[in-house]
>>> print(open('upload.txt').read())   # compact mmCIF, C-alpha atoms
# COMPACT_ATOMS: atom_id res chain seq x y z
CA MET A 25 102.62 117.77 99.53
CA LYS A 26 102.53 114.55 101.56
CA PHE A 27 105.00 111.70 101.31
CA TYR A 28 104.32 108.03 101.69
CA GLU A 29 106.18 106.47 104.59
CA TYR A 30 108.81 104.72 102.50
CA SER A 31 109.63 107.91 100.59
CA ALA A 32 109.84 109.91 103.83
CA LYS A 33 112.18 107.27 105.25
CA GLU A 34 114.49 107.60 102.26
CA LEU A 35 114.87 111.29 103.10
CA PHE A 36 115.23 110.53 106.83
CA ARG A 37 117.96 107.98 106.09
CA ALA A 38 119.81 110.50 103.93
CA GLU A 39 119.86 112.91 106.87
CA GLY A 40 121.34 110.28 109.20
CA ILE A 41 118.14 109.35 111.04
CA PRO A 42 118.18 105.56 111.63
CA VAL A 43 115.26 103.69 110.02
CA PRO A 44 114.55 99.94 109.77
CA GLU A 45 115.93 97.95 106.84
CA GLY A 46 113.20 97.67 104.22
CA SER A 47 111.99 98.19 100.69
CA VAL A 48 108.76 99.09 98.92
CA ALA A 49 106.81 96.41 97.04
CA ARG A 50 103.95 96.77 94.57
CA THR A 51 103.21 93.09 93.98
CA PRO A 52 103.01 90.05 96.27
CA GLN A 53 106.04 88.59 94.48
CA GLU A 54 108.13 91.68 95.21
CA ALA A 55 107.08 91.55 98.88
CA SER A 56 108.09 87.89 99.06
CA GLU A 57 111.49 88.63 97.51
CA VAL A 58 112.18 91.44 99.99
CA ALA A 59 111.20 89.25 102.95
CA GLU A 60 113.33 86.35 101.67
CA SER A 61 116.34 88.63 101.26
CA MET A 62 116.04 89.58 104.94
CA GLY A 63 115.54 86.00 106.10
CA SER A 64 113.55 87.06 109.14
CA GLU A 65 110.08 88.06 110.26
CA VAL A 66 108.94 91.29 108.61
CA ALA A 67 106.38 94.04 109.05
CA ILE A 68 104.25 94.67 105.95
CA LYS A 69 102.81 98.19 106.03
CA ALA A 70 100.15 99.60 103.72
CA GLN A 71 101.36 102.82 102.11
CA VAL A 72 98.48 105.25 102.56
CA LEU A 73 98.36 108.89 103.61
CA THR A 74 95.72 108.55 106.31
CA GLY A 75 96.49 108.15 110.00
CA GLY A 76 95.48 105.24 112.19
CA ARG A 77 96.28 102.57 109.60
CA GLY A 78 97.51 100.15 112.28
CA LYS A 79 94.14 100.11 114.02
CA ALA A 80 92.50 99.74 110.60
CA GLY A 81 94.48 96.58 109.80
CA GLY A 82 97.02 98.27 107.53
CA ILE A 83 100.09 96.92 109.33
CA ARG A 84 100.68 93.15 109.55
CA PHE A 85 103.53 90.80 110.35
CA ALA A 86 104.74 87.91 108.24
CA THR A 87 107.49 85.37 107.73
CA PRO A 88 109.32 85.04 104.41
CA GLU A 89 106.96 82.14 103.65
CA THR A 90 103.76 84.09 104.33
CA ALA A 91 104.82 87.54 103.06
CA SER A 92 103.31 87.00 99.61
CA ASP A 93 99.87 86.10 101.03
CA VAL A 94 99.87 89.00 103.50
CA ALA A 95 100.90 91.48 100.81
CA SER A 96 98.24 90.07 98.48
CA ASP A 97 95.57 90.76 101.14
CA LEU A 98 96.74 94.36 101.58
CA LEU A 99 97.42 95.35 97.96
CA GLY A 100 94.23 96.57 96.29
CA SER A 101 92.38 96.77 99.60
CA ARG A 102 91.23 100.02 101.16
CA VAL A 103 92.51 101.39 104.44
CA LYS A 104 90.29 104.15 105.78
CA GLY A 105 88.94 104.73 102.28
CA GLU A 106 92.31 104.91 100.51
CA GLU A 107 93.36 102.21 98.04
CA VAL A 108 96.61 100.43 98.89
CA LYS A 109 98.86 100.48 95.81
CA SER A 110 102.13 99.63 97.53
CA VAL A 111 103.42 98.18 100.79
CA LEU A 112 106.61 98.76 102.77
CA VAL A 113 108.30 95.50 103.77
CA GLU A 114 110.61 96.05 106.74
CA ARG A 115 112.65 93.83 109.01
CA LYS A 116 110.66 93.42 112.22
CA ILE A 117 112.60 94.99 115.07
CA PRO A 118 112.20 94.28 118.80
CA ILE A 119 110.78 97.31 120.60
CA ASP A 120 111.79 98.05 124.18
CA ARG A 121 110.32 101.58 124.46
CA GLU A 122 108.48 104.08 122.28
CA PHE A 123 108.86 107.86 122.07
CA TYR A 124 107.26 110.66 120.05
CA VAL A 125 109.09 113.47 118.21
CA SER A 126 107.79 116.02 115.70
CA VAL A 127 108.41 119.46 114.26
CA VAL A 128 105.46 121.56 113.08
CA ILE A 129 104.72 125.17 112.24
CA ASP A 130 103.09 126.99 115.15
CA ARG A 131 101.12 129.57 113.20
CA ALA A 132 100.10 131.53 116.27
CA ALA A 133 103.72 131.91 117.42
CA ARG A 134 105.03 132.14 113.83
CA MET A 135 107.85 129.75 114.67
CA PRO A 136 108.68 126.07 114.30
CA LEU A 137 107.58 124.04 117.29
CA ILE A 138 109.33 120.85 118.40
CA MET A 139 107.12 118.46 120.35
CA ALA A 140 108.48 115.39 122.09
CA SER A 141 107.20 112.83 124.56
CA SER A 142 108.45 109.75 126.35
CA GLU A 143 105.18 108.11 125.30
CA GLY A 144 105.01 107.24 121.61
CA GLY A 145 102.84 105.06 119.42
CA VAL A 146 99.68 106.90 120.47
CA ASP A 147 97.62 109.69 118.95
CA ILE A 148 99.38 112.84 120.05
CA GLU A 149 96.03 114.68 120.10
CA ASP A 150 94.71 112.22 122.71
CA LEU A 151 97.88 112.49 124.77
CA ALA A 152 97.74 116.31 124.62
CA ALA A 153 94.15 116.25 125.89
CA GLU A 154 94.58 113.61 128.58
CA ALA A 155 98.13 114.28 129.84
CA PRO A 156 99.50 117.56 128.41
CA GLU A 157 102.31 117.56 130.97
CA LYS A 158 103.85 114.57 129.18
CA ILE A 159 104.56 116.61 126.03
CA VAL A 160 107.66 118.80 125.85
CA ARG A 161 107.16 121.88 123.65
CA TYR A 162 110.09 123.93 122.40
CA HIS A 163 109.85 126.86 119.99
CA VAL A 164 112.81 127.54 117.71
CA ASN A 165 113.51 131.04 116.42
CA PRO A 166 113.88 130.50 112.66
CA LEU A 167 116.49 133.30 112.56
CA ASP A 168 118.75 131.46 115.02
CA GLU A 169 120.66 128.23 114.59
CA PHE A 170 119.21 125.24 116.42
CA LEU A 171 122.17 123.71 118.25
CA PRO A 172 122.77 120.11 119.39
CA TYR A 173 122.75 121.03 123.08
CA GLU A 174 119.21 122.41 122.69
CA ALA A 175 118.06 119.07 121.25
CA ARG A 176 119.69 117.24 124.16
CA GLU A 177 117.90 119.56 126.59
CA ILE A 178 114.58 118.58 125.00
CA ALA A 179 115.50 114.91 125.47
CA ARG A 180 116.38 115.61 129.11
CA LYS A 181 113.01 117.29 129.68
CA MET A 182 111.38 114.15 128.28
CA GLY A 183 112.64 112.44 131.44
CA LEU A 184 115.04 110.10 129.64
CA GLU A 185 117.99 108.37 131.25
CA SER A 186 121.41 109.95 130.75
CA GLU A 187 122.56 107.31 128.26
CA LEU A 188 119.51 107.94 126.04
CA ILE A 189 119.71 111.75 126.03
CA PRO A 190 122.44 112.06 123.36
CA LYS A 191 120.81 109.38 121.17
CA VAL A 192 117.30 110.83 121.22
CA GLY A 193 118.69 114.37 121.18
CA GLY A 194 120.65 113.54 118.06
CA VAL A 195 117.49 112.39 116.28
CA ILE A 196 115.64 115.55 117.36
CA TRP A 197 118.46 117.74 116.03
CA LYS A 198 118.53 115.91 112.67
CA LEU A 199 114.73 115.97 112.37
CA TYR A 200 114.65 119.73 112.84
CA HIS A 201 117.31 120.27 110.21
CA LEU A 202 115.42 118.02 107.78
CA PHE A 203 112.31 120.11 108.54
CA ARG A 204 114.12 123.34 107.65
CA LYS A 205 115.96 121.89 104.66
CA TYR A 206 112.83 120.71 102.91
CA ASP A 207 110.46 123.61 103.80
CA ALA A 208 108.29 121.19 105.75
CA ARG A 209 104.97 121.79 107.42
CA LEU A 210 105.32 118.62 109.48
CA ALA A 211 108.11 116.14 110.18
CA GLU A 212 107.06 113.43 112.61
CA ILE A 213 108.38 110.17 114.06
CA ASN A 214 105.73 108.15 115.89
CA PRO A 215 107.02 105.98 117.29
CA LEU A 216 110.72 106.59 117.70
CA VAL A 217 111.71 103.29 119.28
CA LEU A 218 114.46 102.01 121.52
CA SER A 219 115.54 98.63 120.18
CA GLY A 220 118.38 97.24 122.25
CA ASP A 221 121.02 99.98 122.20
CA ASP A 222 119.66 101.64 119.07
CA VAL A 223 117.14 104.45 118.62
CA ILE A 224 115.21 103.94 115.35
CA ALA A 225 112.44 105.82 113.51
CA ALA A 226 109.86 103.03 113.19
CA ASP A 227 107.51 105.36 111.32
CA ALA A 228 107.99 108.57 109.36
CA LYS A 229 105.62 111.31 108.29
CA LEU A 230 106.60 114.27 106.14
CA GLU A 231 104.49 117.08 104.70
CA VAL A 232 106.15 119.94 102.83
CA ASP A 233 105.04 123.15 101.20
CA ASP A 234 103.76 122.49 97.67
CA ASP A 235 106.22 124.99 96.20
CA SER A 236 109.10 123.04 97.73
CA ILE A 237 109.03 120.47 94.93
CA HIS A 238 110.48 123.07 92.57
CA ARG A 239 113.39 123.80 94.89
CA HIS A 240 114.48 120.27 95.75
CA ARG A 241 115.63 117.87 93.06
CA GLU A 242 115.56 115.04 95.61
CA PHE A 243 111.76 115.03 95.47
CA MET A 244 111.73 114.38 91.75
CA GLU A 245 113.86 111.28 92.29
CA LEU A 246 111.41 109.74 94.77
CA ASP A 247 108.88 107.23 93.47
CA GLU A 248 105.76 108.66 95.05
CA TYR A 249 104.47 111.71 96.80
CA GLU A 250 101.00 113.20 96.92
CA PRO A 251 100.13 116.88 96.43
CA GLU A 252 97.60 118.13 98.93
CA GLU A 253 94.21 118.31 97.26
CA PHE A 254 92.05 119.83 99.97
CA ALA A 255 92.26 121.76 103.22
CA PHE A 256 91.18 119.72 106.23
CA VAL A 257 90.78 120.57 109.91
CA LYS A 258 89.37 118.16 112.50
CA LEU A 259 86.97 119.70 115.03
CA GLU A 260 85.10 118.53 118.12
CA GLY A 261 81.52 118.08 116.82
CA ASP A 262 79.70 115.22 115.08
CA ILE A 263 78.65 116.74 111.72
CA ALA A 264 81.40 116.60 109.10
CA VAL A 265 81.23 119.61 106.79
CA ILE A 266 82.61 119.49 103.22
CA GLY A 267 82.36 122.38 100.77
CA ASN A 268 83.87 123.55 97.50
CA GLY A 269 85.49 126.74 98.69
CA ALA A 270 86.43 128.11 102.10
CA GLY A 271 83.50 130.55 102.10
CA LEU A 272 80.91 127.88 101.32
CA THR A 273 82.40 125.54 103.89
CA LEU A 274 82.45 128.19 106.62
CA THR A 275 78.89 129.26 105.73
CA ALA A 276 77.72 125.68 106.11
CA MET A 277 79.50 125.44 109.47
CA ASP A 278 77.87 128.68 110.65
CA LEU A 279 74.44 127.35 109.70
CA ILE A 280 75.11 124.08 111.50
CA LYS A 281 75.91 126.07 114.65
CA LEU A 282 72.89 128.32 114.15
CA LYS A 283 70.60 125.29 113.95
CA GLY A 284 72.02 123.83 117.16
CA GLY A 285 74.59 121.39 115.76
CA GLU A 286 78.37 121.08 116.08
CA PRO A 287 80.73 120.78 113.08
CA ALA A 288 83.17 117.87 113.20
CA THR A 289 85.34 118.96 110.29
CA PHE A 290 86.26 121.80 107.99
CA LEU A 291 87.10 120.26 104.60
CA ASP A 292 87.45 122.50 101.55
CA ILE A 293 87.76 120.50 98.32
CA GLY A 294 88.45 123.71 96.38
CA GLY A 295 87.41 124.53 92.83
CA GLY A 296 87.35 122.01 90.03
CA ALA A 297 87.26 118.98 92.35
CA SER A 298 87.27 115.63 90.53
CA GLU A 299 85.17 112.56 91.24
CA ASP A 300 88.14 110.99 93.02
CA ILE A 301 88.67 114.01 95.29
CA ILE A 302 85.00 113.92 96.29
CA ARG A 303 85.28 110.21 97.05
CA ARG A 304 88.46 110.67 99.07
CA ALA A 305 87.05 113.63 101.00
CA ILE A 306 83.95 111.72 102.05
CA ASN A 307 85.93 108.64 103.02
CA LEU A 308 88.36 110.79 105.01
CA VAL A 309 85.69 112.37 107.20
CA ILE A 310 83.73 109.17 107.81
CA SER A 311 86.95 107.45 108.92
CA HIS A 312 86.60 109.46 112.14
CA PRO A 313 84.32 107.47 114.48
CA ASP A 314 82.78 110.55 116.12
CA VAL A 315 81.27 111.71 112.80
CA LYS A 316 77.54 110.91 112.75
CA VAL A 317 76.51 112.88 109.63
CA VAL A 318 78.29 114.22 106.56
CA PHE A 319 77.07 117.56 105.19
CA LEU A 320 78.27 118.18 101.62
CA ASN A 321 77.66 121.74 100.42
CA VAL A 322 78.42 122.26 96.72
CA LEU A 323 77.62 125.27 94.56
CA GLY A 324 78.85 124.22 91.15
CA GLY A 325 80.99 126.69 89.24
CA ILE A 326 84.27 125.23 88.10
CA THR A 327 83.24 122.18 90.10
CA ARG A 328 80.57 120.33 88.10
CA ALA A 329 77.56 118.92 89.91
CA ASP A 330 77.61 115.69 87.88
CA ASP A 331 81.24 115.02 88.87
CA VAL A 332 80.28 115.60 92.49
CA ALA A 333 77.34 113.20 92.20
CA ARG A 334 79.46 110.45 90.68
CA GLY A 335 82.08 110.96 93.41
CA VAL A 336 79.37 110.61 96.05
CA VAL A 337 78.05 107.39 94.51
CA ASN A 338 81.56 105.91 94.37
CA ALA A 339 82.32 106.97 97.93
CA LEU A 340 79.23 105.24 99.28
CA LYS A 341 80.13 102.04 97.43
CA ASP A 342 83.45 101.62 99.25
CA ALA A 343 82.68 103.46 102.51
CA GLU A 344 83.89 101.69 105.64
CA ARG A 345 80.96 102.96 107.71
CA ASP A 346 77.31 103.63 106.96
CA VAL A 347 77.06 107.34 107.77
CA PRO A 348 74.05 109.47 106.73
CA LEU A 349 74.91 111.98 103.98
CA VAL A 350 73.12 115.31 103.52
CA ILE A 351 73.83 116.97 100.19
CA ARG A 352 73.11 120.46 98.98
CA LEU A 353 73.86 120.44 95.25
CA THR A 354 73.25 123.26 92.78
CA GLY A 355 75.13 125.00 89.97
CA THR A 356 76.89 123.81 86.82
CA ASN A 357 75.29 120.63 85.41
CA GLU A 358 72.98 120.46 88.42
CA GLU A 359 70.20 118.65 86.57
CA GLU A 360 72.54 115.83 85.53
CA GLY A 361 74.07 115.69 89.00
CA GLN A 362 70.70 115.55 90.68
CA ARG A 363 69.56 112.83 88.24
CA ILE A 364 72.61 110.71 89.12
CA LEU A 365 71.82 111.04 92.83
CA THR A 366 68.14 110.27 92.27
CA ASP A 367 68.94 107.15 90.23
CA ALA A 368 71.25 105.98 93.02
CA GLY A 369 68.56 106.60 95.65
CA ILE A 370 70.57 109.34 97.34
CA PRO A 371 68.47 112.31 98.57
CA PHE A 372 69.63 115.90 98.10
CA GLU A 373 68.56 119.47 98.83
CA THR A 374 68.88 122.69 96.84
CA SER A 375 68.33 124.93 99.87
CA LEU A 376 71.42 125.42 102.00
CA GLU A 377 69.37 126.30 105.07
CA ARG A 378 67.12 123.26 104.72
CA ALA A 379 70.15 121.00 104.24
CA ALA A 380 71.75 122.34 107.42
CA GLU A 381 68.51 121.79 109.36
CA LYS A 382 68.32 118.23 108.07
CA ALA A 383 71.92 117.46 109.04
CA VAL A 384 71.33 118.71 112.60
CA GLU A 385 68.03 116.80 112.86
CA ILE A 386 69.75 113.56 111.88
CA SER A 387 72.69 114.08 114.24
CA LYS A 388 70.38 114.71 117.21
CA ALA A 389 68.29 111.64 116.38
CA LEU A 390 71.28 109.30 116.36
>>> encode(input="upload.txt", output="structure tokens")
Amino acid sequence: MKFYEYSAKELFRAEGIPVPEGSVARTPQEASEVAESMGSEVAIKAQVLTGGRGKAGGIRFATPETASDVASDLLGSRVKGEEVKSVLVERKIPIDREFYVSVVIDRAARMPLIMASSEGGVDIEDLAAEAPEKIVRYHVNPLDEFLPYEAREIARKMGLESELIPKVGGVIWKLYHLFRKYDARLAEINPLVLSGDDVIAADAKLEVDDDSIHRHREFMELDEYEPEEFAFVKLEGDIAVIGNGAGLTLTAMDLIKLKGGEPATFLDIGGGASEDIIRRAINLVISHPDVKVVFLNVLGGITRADDVARGVVNALKDAERDVPLVIRLTGTNEEEGQRILTDAGIPFETSLERAAEKAVEISKAL
């Protein structure tokens, strides 16, 4: 279950983690009213669940006089394939420095892992690849209590000045306890900013176990959250692989490798995927610039081929990039699904092996 930024910040604030003053808006008028109540320049942030929204134009600045127009441009638009239904209007804060802090589950170690860096506001994956020594990693035994002095030690290892260590350490300690309290998979602040004498979570990301919603009444009181609808892993290749089931997806990836290609994603849409899930899955993978080809492998059972076809057509209508799509589509309602693709001028294959060959051929030609 993933939370929109403004909902995550409500939970962060409740745990004592400082966040900027702000409020969610779903209309341009609401955005204008929030900005006017602050009487200062504001940041207007599209509420979507994809990363990299800043680079995609999803974060803009405005005055109280221009907030309505800026919000109007964002609301109803698409950021990396996801429709913007609400915006977070926050007081713009001066930023002196940026840090990175997160807590994730390290599945290999079977323990929570705290990661922190004195360099924030960047993709942590890029920083890990280019300068791994700049990331502090600290495993926490889930059977032991995580104490404040341990959080301060992490801040010290980040290379921070003595006056910042208790401030950043305090945020790290609170973030870990929020992570444990809500059965989280990920709790992230990027960036955690120094603004004057204050340390503030300028952004907030929270993903929790789906079963957690039944254990925490606080979630039911939040306006919006989004259950996870597919399993997604980003890889190093250039052929994005989508399938309806882990086995079908892995089989397609194996064939891609066998034919000389490199998978760029593992994305399992699961059984019974709707048109909207298909559309969102395709838009998610093509939002990654290194993806040259999308390989969609669907064997219709619970998932109906005609729903898949309509999702594909809709995805291509609002896609941000023109990326070749190779489709293998058979199973329930396959004739109707194939007709929909044919009418839309979208080619398809019924042979999995031939589809994999075609995806590799296209990727090597580009």
>>> closest_residue(input="upload.txt", among="A:Ile119, A:Leu320, A:Leu259, A:Leu272", to="Gly145 in chain A", atoms="all atoms listed in the file")
A:Ile119
>>> residues_around(input="upload.txt", residues="range 345-356 of chain A", least_positions_apart="3", cutoff="9 Å", atoms="only C-alpha atoms", output="PyMOL selection string")
chain A and resi 307+310-311+313+315-330+332-333+340+342+359+361-362+370-376+378-380+382-383+386-387
>>> atom_distance(input="upload.txt", atom1="CA of Asn165 in chain A", atom2="CA of Arg204 in chain A")
11.7 Å
>>> closest_residue(input="upload.txt", among="A:Met182, A:Leu137, A:Ile148, A:Leu188", to="Pro166 in chain A", atoms="only C-alpha atoms")
A:Leu137
>>> atom_distance(input="upload.txt", atom1="CA of Pro118 in chain A", atom2="CA of Ala175 in chain A")
25.6 Å
>>> closest_residue(input="upload.txt", among="A:Gly81, A:Pro287, A:Gly46, A:Pro136", to="Lys104 in chain A", atoms="all atoms listed in the file")
A:Gly81
>>> residues_near_point(input="upload.txt", point="(92.8, 98.3, 97.4)", cutoff="12 Å", atoms="all atoms listed in the file", output="VMD selection string")
chain A and resid 50 70 to 72 82 95 to 111 342
>>> atom_distance(input="upload.txt", atom1="CA of Val127 in chain A", atom2="CA of Gly78 in chain A")
22.3 Å
>>> closest_residue(input="upload.txt", among="A:Lys258, A:Lys69, A:Lys79, A:His312", to="Leu291 in chain A", atoms="only C-alpha atoms")
A:Lys258
>>> closest_residue(input="upload.txt", among="A:Lys191, A:Arg334, A:Arg131, A:Lys388", to="Ile178 in chain A", atoms="only C-alpha atoms")
A:Lys191
>>> closest_residue(input="upload.txt", among="A:Val125, A:Met139, A:Ala255, A:Leu308", to="Val192 in chain A", atoms="all atoms listed in the file")
A:Val125
>>> residues_around(input="upload.txt", residues="Lys181 in chain A", least_positions_apart="5", cutoff="9 Å", atoms="all atoms listed in the file", output="list in words")
Ser141, Val160 and Arg176 of chain A
>>> axis_aligned_box(input="upload.txt", around="range 211-229 of chain A", padding_each_side="5 Å", output="lines of an AutoDock Vina configuration file")
center_x = 113.3
center_y = 106.7
center_z = 115.3
size_x = 25.4
size_y = 28.9
size_z = 24.0
>>> residues_around(input="upload.txt", residues="Glu231 in chain A", least_positions_apart="5", cutoff="6 Å", atoms="only C-alpha atoms", output="PyMOL selection string")
chain A and resi 25-26+208-210
>>> residues_near_point(input="upload.txt", point="(83.5, 130.1, 99.8)", cutoff="10 Å", atoms="all atoms listed in the file", output="list in words")
Gly267, Asn268, Gly269, Ala270, Gly271, Leu272, Thr273, Leu274, Thr275, Ala276, Asp292, Gly294, Gly295, Val322 and Leu323 of chain A
